[in-house]
>>> print(open('coords-v2.pdb').read())   # PDB, C-alpha atoms
ATOM      1  CA  MET A   1      31.458  -9.011  -4.660
ATOM      2  CA  ILE A   2      28.113  -8.900  -2.901
ATOM      3  CA  ASP A   3      28.209  -7.815   0.728
ATOM      4  CA  VAL A   4      26.133  -9.228   3.565
ATOM      5  CA  SER A   5      23.646  -6.379   3.930
ATOM      6  CA  ASP A   6      22.816  -6.512   0.204
ATOM      7  CA  THR A   7      22.068 -10.216   0.578
ATOM      8  CA  LYS A   8      19.819  -9.497   3.569
ATOM      9  CA  VAL A   9      17.965  -6.814   1.628
ATOM     10  CA  PHE A  10      17.533  -9.303  -1.217
ATOM     11  CA  GLY A  11      16.125 -11.924   1.176
ATOM     12  CA  PHE A  12      13.749  -9.393   2.665
ATOM     13  CA  TRP A  13      12.738  -8.275  -0.807
ATOM     14  CA  VAL A  14      11.828 -11.889  -1.707
ATOM     15  CA  TYR A  15       9.656 -12.009   1.435
ATOM     16  CA  LEU A  16       7.944  -8.746   0.422
ATOM     17  CA  MET A  17       7.239 -10.153  -3.033
ATOM     18  CA  THR A  18       5.597 -13.285  -1.561
ATOM     19  CA  ASP A  19       3.568 -10.960   0.641
ATOM     20  CA  LEU A  20       2.544  -9.108  -2.506
ATOM     21  CA  ILE A  21       1.222 -12.406  -3.896
ATOM     22  CA  ILE A  22      -0.927 -12.850  -0.749
ATOM     23  CA  PHE A  23      -2.368  -9.387  -1.302
ATOM     24  CA  ALA A  24      -2.892 -10.119  -5.010
ATOM     25  CA  VAL A  25      -4.945 -13.224  -4.183
ATOM     26  CA  LEU A  26      -7.061 -11.213  -1.737
ATOM     27  CA  PHE A  27      -7.523  -8.533  -4.428
ATOM     28  CA  ALA A  28      -8.643 -11.178  -6.936
ATOM     29  CA  CYS A  29     -11.095 -12.463  -4.330
ATOM     30  CA  PHE A  30     -12.479  -8.977  -3.700
ATOM     31  CA  ILE A  31     -12.849  -8.171  -7.405
ATOM     32  CA  VAL A  32     -14.731 -11.418  -7.993
ATOM     33  CA  LEU A  33     -17.006 -11.027  -4.953
ATOM     34  CA  HIS A  34     -17.581  -7.270  -4.785
ATOM     35  CA  GLY A  35     -21.050  -7.468  -6.353
ATOM     36  CA  ASN A  36     -22.276 -10.320  -4.141
ATOM     37  CA  THR A  37     -23.908  -8.219  -1.454
ATOM     38  CA  PHE A  38     -26.716 -10.696  -0.604
ATOM     39  CA  ASN A  39     -29.219  -7.788  -0.401
ATOM     40  CA  GLY A  40     -26.970  -6.170   2.195
ATOM     41  CA  PRO A  41     -25.307  -2.755   1.915
ATOM     42  CA  THR A  42     -23.315  -2.096  -1.275
ATOM     43  CA  ALA A  43     -19.923  -0.441  -1.527
ATOM     44  CA  LYS A  44     -21.529   2.803  -2.645
ATOM     45  CA  GLU A  45     -23.860   2.956   0.379
ATOM     46  CA  LEU A  46     -21.133   2.064   2.835
ATOM     47  CA  PHE A  47     -17.918   3.837   1.873
ATOM     48  CA  HIS A  48     -17.223   7.295   3.242
ATOM     49  CA  LEU A  49     -14.673   8.650   0.757
ATOM     50  CA  PRO A  50     -13.363  11.739   2.620
ATOM     51  CA  SER A  51     -12.034   9.537   5.429
ATOM     52  CA  VAL A  52     -10.483   7.189   2.832
ATOM     53  CA  LEU A  53      -8.732  10.206   1.288
ATOM     54  CA  ALA A  54      -7.529  11.216   4.765
ATOM     55  CA  GLU A  55      -6.144   7.689   5.337
ATOM     56  CA  THR A  56      -4.377   7.792   1.967
ATOM     57  CA  LEU A  57      -2.815  11.192   2.623
ATOM     58  CA  LEU A  58      -1.678  10.073   6.098
ATOM     59  CA  LEU A  59       0.007   7.002   4.646
ATOM     60  CA  LEU A  60       1.638   8.897   1.748
ATOM     61  CA  THR A  61       2.983  11.521   4.150
ATOM     62  CA  SER A  62       4.249   8.832   6.531
ATOM     63  CA  SER A  63       6.116   7.218   3.629
ATOM     64  CA  PHE A  64       7.733  10.608   2.935
ATOM     65  CA  THR A  65       8.716  11.220   6.583
ATOM     66  CA  CYS A  66      10.079   7.664   6.731
ATOM     67  CA  ALA A  67      12.292   8.508   3.738
ATOM     68  CA  LEU A  68      13.431  11.678   5.584
ATOM     69  CA  GLY A  69      14.262   9.485   8.596
ATOM     70  CA  MET A  70      16.390   7.233   6.393
ATOM     71  CA  LEU A  71      18.097  10.319   4.973
ATOM     72  CA  ALA A  72      19.012  11.384   8.520
ATOM     73  CA  ILE A  73      20.285   7.835   9.193
ATOM     74  CA  SER A  74      22.561   7.988   6.153
ATOM     75  CA  ARG A  75      23.941  11.301   7.463
ATOM     76  CA  GLN A  76      24.454   9.748  10.938
ATOM     77  CA  GLN A  77      22.027  12.282  12.500
ATOM     78  CA  LYS A  78      20.449  10.112  15.203
ATOM     79  CA  ASN A  79      18.216  12.766  16.750
ATOM     80  CA  TRP A  80      16.697  13.819  13.441
ATOM     81  CA  ALA A  81      16.149  10.180  12.517
ATOM     82  CA  ILE A  82      14.241   9.562  15.757
ATOM     83  CA  ILE A  83      12.157  12.726  15.279
ATOM     84  CA  TRP A  84      11.200  11.708  11.726
ATOM     85  CA  PHE A  85      10.387   8.152  12.779
ATOM     86  CA  ILE A  86       8.216   9.446  15.654
ATOM     87  CA  ILE A  87       6.299  11.585  13.134
ATOM     88  CA  THR A  88       6.006   8.542  10.854
ATOM     89  CA  PHE A  89       4.732   6.494  13.773
ATOM     90  CA  ILE A  90       2.106   9.117  14.684
ATOM     91  CA  LEU A  91       0.888   9.314  11.069
ATOM     92  CA  GLY A  92       0.748   5.507  10.861
ATOM     93  CA  ALA A  93      -1.123   5.280  14.165
ATOM     94  CA  ALA A  94      -3.605   7.941  12.966
ATOM     95  CA  PHE A  95      -4.127   5.895   9.806
ATOM     96  CA  LEU A  96      -4.776   2.762  11.873
ATOM     97  CA  TYR A  97      -7.180   4.683  14.138
ATOM     98  CA  LEU A  98      -9.215   5.898  11.130
ATOM     99  CA  GLU A  99      -9.285   2.397   9.666
ATOM    100  CA  ILE A 100     -10.402   0.742  12.900
ATOM    101  CA  SER A 101     -13.100   3.374  13.489
ATOM    102  CA  GLU A 102     -14.306   2.788   9.918
ATOM    103  CA  PHE A 103     -14.518  -0.958  10.642
ATOM    104  CA  ALA A 104     -16.344  -0.293  13.938
ATOM    105  CA  GLU A 105     -18.813   1.976  12.140
ATOM    106  CA  PHE A 106     -19.524  -0.718   9.514
ATOM    107  CA  VAL A 107     -20.056  -3.384  12.170
ATOM    108  CA  ALA A 108     -22.358  -1.035  14.131
ATOM    109  CA  LYS A 109     -24.449  -0.559  10.961
ATOM    110  CA  GLY A 110     -24.830  -4.338  10.716
ATOM    111  CA  ALA A 111     -22.328  -4.520   7.848
ATOM    112  CA  SER A 112     -19.874  -6.932   9.442
ATOM    113  CA  TRP A 113     -17.854  -9.634   7.659
ATOM    114  CA  LYS A 114     -20.735 -12.062   8.321
ATOM    115  CA  ARG A 115     -23.213 -10.060   6.237
ATOM    116  CA  SER A 116     -22.157 -10.895   2.667
ATOM    117  CA  ALA A 117     -19.356 -12.252   0.494
ATOM    118  CA  PHE A 118     -18.529  -8.656  -0.516
ATOM    119  CA  LEU A 119     -18.009  -7.660   3.121
ATOM    120  CA  SER A 120     -16.038 -10.843   3.968
ATOM    121  CA  SER A 121     -13.595 -10.148   1.157
ATOM    122  CA  PHE A 122     -13.453  -6.437   2.044
ATOM    123  CA  PHE A 123     -12.622  -7.059   5.697
ATOM    124  CA  THR A 124     -10.073  -9.761   4.828
ATOM    125  CA  LEU A 125      -8.204  -7.593   2.333
ATOM    126  CA  VAL A 126      -8.246  -4.278   4.218
ATOM    127  CA  GLY A 127      -7.806  -6.066   7.568
ATOM    128  CA  THR A 128      -4.697  -7.888   6.330
ATOM    129  CA  HIS A 129      -3.223  -4.540   5.314
ATOM    130  CA  GLY A 130      -4.144  -3.096   8.733
ATOM    131  CA  LEU A 131      -2.414  -6.035  10.433
ATOM    132  CA  HIS A 132       0.727  -5.332   8.415
ATOM    133  CA  ILE A 133       0.538  -1.667   9.453
ATOM    134  CA  SER A 134       0.308  -2.690  13.129
ATOM    135  CA  ILE A 135       3.371  -4.928  12.772
ATOM    136  CA  GLY A 136       5.183  -2.105  10.949
ATOM    137  CA  LEU A 137       4.415   0.292  13.821
ATOM    138  CA  LEU A 138       5.723  -2.202  16.385
ATOM    139  CA  TRP A 139       8.884  -2.684  14.312
ATOM    140  CA  MET A 140       9.317   1.097  14.079
ATOM    141  CA  VAL A 141       9.224   1.431  17.892
ATOM    142  CA  VAL A 142      11.865  -1.294  18.236
ATOM    143  CA  MET A 143      14.051   0.449  15.638
ATOM    144  CA  MET A 144      13.705   3.833  17.402
ATOM    145  CA  PHE A 145      15.042   2.244  20.604
ATOM    146  CA  ARG A 146      17.818   0.667  18.579
ATOM    147  CA  ILE A 147      18.790   4.025  17.058
ATOM    148  CA  ALA A 148      18.786   5.638  20.506
ATOM    149  CA  LEU A 149      20.763   2.916  22.292
ATOM    150  CA  ARG A 150      23.164   1.396  19.751
ATOM    151  CA  PRO A 151      25.790   2.937  17.468
ATOM    152  CA  LEU A 152      24.806   3.387  13.814
ATOM    153  CA  VAL A 153      27.150   0.816  12.324
ATOM    154  CA  GLU A 154      26.537  -0.763   8.942
ATOM    155  CA  HIS A 155      24.462  -3.784  10.000
ATOM    156  CA  SER A 156      22.273  -1.525  12.163
ATOM    157  CA  VAL A 157      21.637   0.772   9.220
ATOM    158  CA  SER A 158      20.738  -2.242   7.107
ATOM    159  CA  ARG A 159      18.095  -3.332   9.662
ATOM    160  CA  ILE A 160      16.574   0.141   9.775
ATOM    161  CA  PHE A 161      16.608   0.215   5.975
ATOM    162  CA  ARG A 162      14.589  -3.012   5.834
ATOM    163  CA  MET A 163      12.025  -1.527   8.245
ATOM    164  CA  ALA A 164      11.719   1.539   5.984
ATOM    165  CA  LEU A 165      11.382  -0.753   2.959
ATOM    166  CA  PHE A 166       8.513  -2.575   4.687
ATOM    167  CA  TRP A 167       6.798   0.750   5.358
ATOM    168  CA  HIS A 168       7.117   1.947   1.738
ATOM    169  CA  PHE A 169       5.827  -1.457   0.612
ATOM    170  CA  LEU A 170       2.662  -1.033   2.714
ATOM    171  CA  ASP A 171       2.134   2.353   1.082
ATOM    172  CA  PHE A 172       2.536   0.656  -2.311
ATOM    173  CA  VAL A 173      -0.170  -1.916  -1.429
ATOM    174  CA  TRP A 174      -2.495   0.802  -0.111
ATOM    175  CA  ILE A 175      -2.481   2.580  -3.503
ATOM    176  CA  PHE A 176      -4.220  -0.453  -4.955
ATOM    177  CA  ILE A 177      -6.639  -0.741  -2.032
ATOM    178  CA  PHE A 178      -7.522   2.939  -2.524
ATOM    179  CA  THR A 179      -8.053   2.472  -6.264
ATOM    180  CA  ILE A 180      -9.582  -0.996  -6.536
ATOM    181  CA  VAL A 181     -11.534  -1.383  -3.290
ATOM    182  CA  TYR A 182     -12.683   2.172  -2.663
ATOM    183  CA  GLY A 183     -12.409   3.744  -6.131
ATOM    184  CA  ILE A 184     -13.767   1.031  -8.400
ATOM    185  CA  GLY A 185     -16.058  -0.261  -5.616
ATOM    186  CA  TYR A 186     -17.592   3.210  -5.376
ATOM    187  CA  LEU A 187     -17.803   3.880  -9.125
ATOM    188  CA  LEU A 188     -19.521   0.596 -10.016
TER     189      LEU A 188
ATOM    190  CA  MET B   1      20.174   2.839   0.930
ATOM    191  CA  HIS B   2      20.515   5.729  -1.482
ATOM    192  CA  TYR B   3      17.898   8.143  -0.238
ATOM    193  CA  LYS B   4      18.131  11.649  -1.671
ATOM    194  CA  LEU B   5      16.164  14.657  -0.434
ATOM    195  CA  SER B   6      15.321  15.922  -3.923
ATOM    196  CA  LEU B   7      14.060  12.482  -5.011
ATOM    197  CA  SER B   8      11.924  12.074  -1.882
ATOM    198  CA  ILE B   9      10.318  15.511  -2.293
ATOM    199  CA  THR B  10       9.632  14.887  -5.997
ATOM    200  CA  GLY B  11       8.099  11.511  -5.166
ATOM    201  CA  PHE B  12       5.959  12.959  -2.390
ATOM    202  CA  VAL B  13       4.568  15.812  -4.516
ATOM    203  CA  ALA B  14       3.899  13.470  -7.445
ATOM    204  CA  SER B  15       2.123  10.959  -5.214
ATOM    205  CA  LEU B  16      -0.083  13.692  -3.705
ATOM    206  CA  LEU B  17      -1.052  15.031  -7.154
ATOM    207  CA  LEU B  18      -1.878  11.548  -8.473
ATOM    208  CA  THR B  19      -3.959  10.716  -5.387
ATOM    209  CA  LEU B  20      -5.931  13.970  -5.557
ATOM    210  CA  ALA B  21      -6.559  13.483  -9.290
ATOM    211  CA  ALA B  22      -7.829   9.938  -8.689
ATOM    212  CA  TYR B  23      -9.995  11.120  -5.795
ATOM    213  CA  LEU B  24     -11.643  13.876  -7.857
ATOM    214  CA  ILE B  25     -12.428  11.393 -10.630
ATOM    215  CA  ILE B  26     -13.926   8.914  -8.150
ATOM    216  CA  VAL B  27     -16.116  11.535  -6.457
ATOM    217  CA  ARG B  28     -17.180  13.513  -9.555
ATOM    218  CA  PRO B  29     -16.813  11.401 -12.729
ATOM    219  CA  GLU B  30     -19.600  13.437 -14.420
ATOM    220  CA  PHE B  31     -17.611  16.661 -13.931
ATOM    221  CA  PHE B  32     -14.856  15.251 -16.166
ATOM    222  CA  HIS B  33     -17.483  13.876 -18.623
ATOM    223  CA  LEU B  34     -16.275  10.331 -18.010
ATOM    224  CA  ASP B  35     -18.610   7.355 -18.072
ATOM    225  CA  THR B  36     -18.009   4.583 -15.523
ATOM    226  CA  LYS B  37     -15.834   2.430 -17.763
ATOM    227  CA  VAL B  38     -13.519   5.269 -18.811
ATOM    228  CA  ALA B  39     -13.365   6.547 -15.222
ATOM    229  CA  ILE B  40     -12.272   3.096 -13.991
ATOM    230  CA  ILE B  41      -9.592   2.830 -16.680
ATOM    231  CA  THR B  42      -8.388   6.354 -15.796
ATOM    232  CA  ILE B  43      -8.090   5.770 -12.050
ATOM    233  CA  PHE B  44      -6.413   2.418 -12.666
ATOM    234  CA  SER B  45      -3.843   4.106 -14.924
ATOM    235  CA  LEU B  46      -3.315   6.734 -12.219
ATOM    236  CA  ALA B  47      -2.734   3.895  -9.727
ATOM    237  CA  LEU B  48      -0.131   2.338 -12.034
ATOM    238  CA  ALA B  49       1.598   5.715 -12.364
ATOM    239  CA  GLN B  50       1.425   6.128  -8.591
ATOM    240  CA  SER B  51       2.944   2.688  -7.997
ATOM    241  CA  LEU B  52       5.783   3.544 -10.399
ATOM    242  CA  VAL B  53       6.375   6.761  -8.420
ATOM    243  CA  GLN B  54       6.580   4.731  -5.200
ATOM    244  CA  LEU B  55       8.889   2.135  -6.765
ATOM    245  CA  ILE B  56      11.257   4.708  -8.239
ATOM    246  CA  PHE B  57      11.360   7.363  -5.511
ATOM    247  CA  PHE B  58      10.796   5.449  -2.260
ATOM    248  CA  ILE B  59      11.514   1.739  -2.712
ATOM    249  CA  ASN B  60      15.282   1.997  -3.075
ATOM    250  CA  VAL B  61      16.268  -1.545  -3.912
ATOM    251  CA  TRP B  62      17.305  -0.907  -7.489
ATOM    252  CA  LYS B  63      20.659   0.765  -6.851
ATOM    253  CA  GLU B  64      22.246  -2.023  -4.812
ATOM    254  CA  LYS B  65      24.836  -4.356  -6.259
ATOM    255  CA  THR B  66      22.150  -7.043  -6.283
ATOM    256  CA  ASN B  67      19.793  -4.822  -8.260
ATOM    257  CA  TYR B  68      19.339  -7.319 -11.109
ATOM    258  CA  TRP B  69      18.260  -9.984  -8.632
ATOM    259  CA  ASN B  70      15.803  -7.645  -6.954
ATOM    260  CA  LEU B  71      14.427  -6.548 -10.311
ATOM    261  CA  GLY B  72      14.220 -10.159 -11.539
ATOM    262  CA  VAL B  73      12.238 -11.262  -8.480
ATOM    263  CA  PHE B  74       9.985  -8.226  -8.849
ATOM    264  CA  ILE B  75       9.256  -8.882 -12.526
ATOM    265  CA  SER B  76       8.546 -12.580 -11.955
ATOM    266  CA  THR B  77       6.251 -11.689  -9.043
ATOM    267  CA  VAL B  78       4.359  -9.212 -11.191
ATOM    268  CA  SER B  79       3.908 -11.913 -13.868
ATOM    269  CA  ILE B  80       2.631 -14.414 -11.271
ATOM    270  CA  ILE B  81       0.230 -11.775  -9.957
ATOM    271  CA  PHE B  82      -0.991 -10.996 -13.462
ATOM    272  CA  ILE B  83      -1.655 -14.698 -14.117
ATOM    273  CA  ILE B  84      -3.468 -15.224 -10.799
ATOM    274  CA  VAL B  85      -5.574 -12.050 -10.818
ATOM    275  CA  PHE B  86      -6.390 -11.717 -14.516
ATOM    276  CA  PHE B  87      -7.256 -15.377 -15.071
ATOM    277  CA  SER B  88      -9.224 -15.694 -11.810
ATOM    278  CA  ILE B  89     -11.441 -12.832 -12.895
ATOM    279  CA  TRP B  90     -11.714 -14.237 -16.420
ATOM    280  CA  ILE B  91     -12.609 -17.764 -15.273
ATOM    281  CA  ILE B  92     -15.127 -16.660 -12.646
ATOM    282  CA  ASN B  93     -16.883 -14.282 -15.029
ATOM    283  CA  HIS B  94     -17.262 -17.072 -17.588
ATOM    284  CA  LEU B  95     -18.520 -19.483 -14.927
ATOM    285  CA  ASN B  96     -21.167 -16.944 -14.012
ATOM    286  CA  TYR B  97     -22.136 -16.579 -17.656
ATOM    287  CA  ASN B  98     -22.395 -20.334 -18.263
ATOM    288  CA  MET B  99     -24.462 -21.011 -15.158
ATOM    289  CA  GLN B 100     -27.226 -18.578 -16.058
TER     290      GLN B 100
END
>>> encode(input="coords-v2.pdb", output="structure tokens")
Amino acid sequence: MIDVSDTKVFGFWVYLMTDLIIFAVLFACFIVLHGNTFNGPTAKELFHLPSVLAETLLLLTSSFTCALGMLAISRQQKNWAIIWFIITFILGAAFLYLEISEFAEFVAKGASWKRSAFLSSFFTLVGTHGLHISIGLLWMVVMMFRIALRPLVEHSVSRIFRMALFWHFLDFVWIFIFTIVYGIGYLL
Amino acid sequence: MHYKLSLSITGFVASLLLTLAAYLIIVRPEFFHLDTKVAIITIFSLALAQSLVQLIFFINVWKEKTNYWNLGVFISTVSIIFIIVFFSIWIINHLNYNMQ
């Protein structure tokens, strides 16, 4: 017997996997185009690695605090769950702030998405991830209200679980952005 | 929905160590006596290890009753991604070569 919440998790998992294919196509695009700078700034001139490390650590820690929130949910500790999700939200928002200020800095230097194929593919890939993070943050706020206002019955827990799954998935995608976009982009 | 404190802490510490290792290699490849090619292979292997850490310790979809379905979809997605990414790079590199 398969129960309803397992089926919903499976459906959501299929969505996440199609999302992964979108990211994979954008990665392929970036890898192909990363050398085509059209005499504009290269990855090595542009990237500021300490802030990329800070973004990565923020996201990894937020994934951990999200897991702690889910742990509190499974123990029916509503207050702890909300505290952990607030911390997760703050870490995610700090990540988004760093990313947007990085984008603003690039555009101010004249390295916008219009400058070269490298920058178009960079902004598309990292921007798509940033958009997912924004949606994840919005979802997290909705779930925090849900935890506060509604009882933690099984279908509620399943919804919160899917939100946490989405958040871990974004962390999973970021590992490859960190390695392929910033790491290999910087080394080459 | 089978989060465990010990698993989460293990996953977190492992992910931090792997990230810091990758970062040090990216910033100072000469310190580890790695040329560019070896450094890229190393950080990519670290990324694969890191993604396994995330999949095992944080993405808890493997212990459900539907775990075979979830795993099946994941494996087929990874194969599709391999085909798209690997062959795109392969084709485009050869196009570049033939047009010169």
>>> closest_residue(input="coords-v2.pdb", among="B:Lys4, B:Ile83, B:Leu71, B:Asn96", to="chain A", atoms="all atoms listed in the file")
B:Lys4
>>> atom_distance(input="coords-v2.pdb", atom1="atom CA of Thr124 of chain A", atom2="atom CA of Ser101 of chain A")
16.0 Å
>>> closest_residue(input="coords-v2.pdb", among="A:Tyr15, A:Ile86, A:Arg150, A:His168", to="Gly11 of chain B", atoms="only C-alpha atoms")
A:His168
>>> interface_residues(input="coords-v2.pdb", of="chain A", to="chain B", cutoff="7 Å", atoms="only C-alpha atoms", output="list in words")
Ile2, Asp6, Phe10, Trp13, Val14, Met17, Ile21, Ala24, Val25, Ala28, Val32, Phe64, Ala67, Met70, Leu71, Phe161, Leu165, His168, Phe172, Ile175, Phe176, Thr179, Gly183, Ile184, Leu187 and Leu188 of chain A
>>> residues_near_point(input="coords-v2.pdb", point="(22.8, -3.9, 7.3)", cutoff="10 Å", atoms="only C-alpha atoms", output="PyMOL selection string")
(chain A and resi 3-9+152-162) or (chain B and resi 1)
>>> atom_distance(input="coords-v2.pdb", atom1="atom CA of Ala49 of chain B", atom2="atom CA of Val52 of chain A")
19.5 Å
>>> atom_distance(input="coords-v2.pdb", atom1="atom CA of Phe85 of chain A", atom2="atom CA of Leu59 of chain A")
13.2 Å
>>> closest_residue(input="coords-v2.pdb", among="A:Phe118, A:Gln77, A:Ala54, A:Gly136", to="Leu98 of chain A", atoms="only C-alpha atoms")
A:Ala54
>>> residues_around(input="coords-v2.pdb", residues="Tyr97 of chain A", least_positions_apart="4", cutoff="12 Å", atoms="all atoms listed in the file", output="list in words")
Ser51, Ala54, Glu55, Leu58, Ile90, Leu91, Gly92, Ala93, Ser101, Glu102, Phe103, Ala104, Gly130, Ile133 and Ser134 of chain A
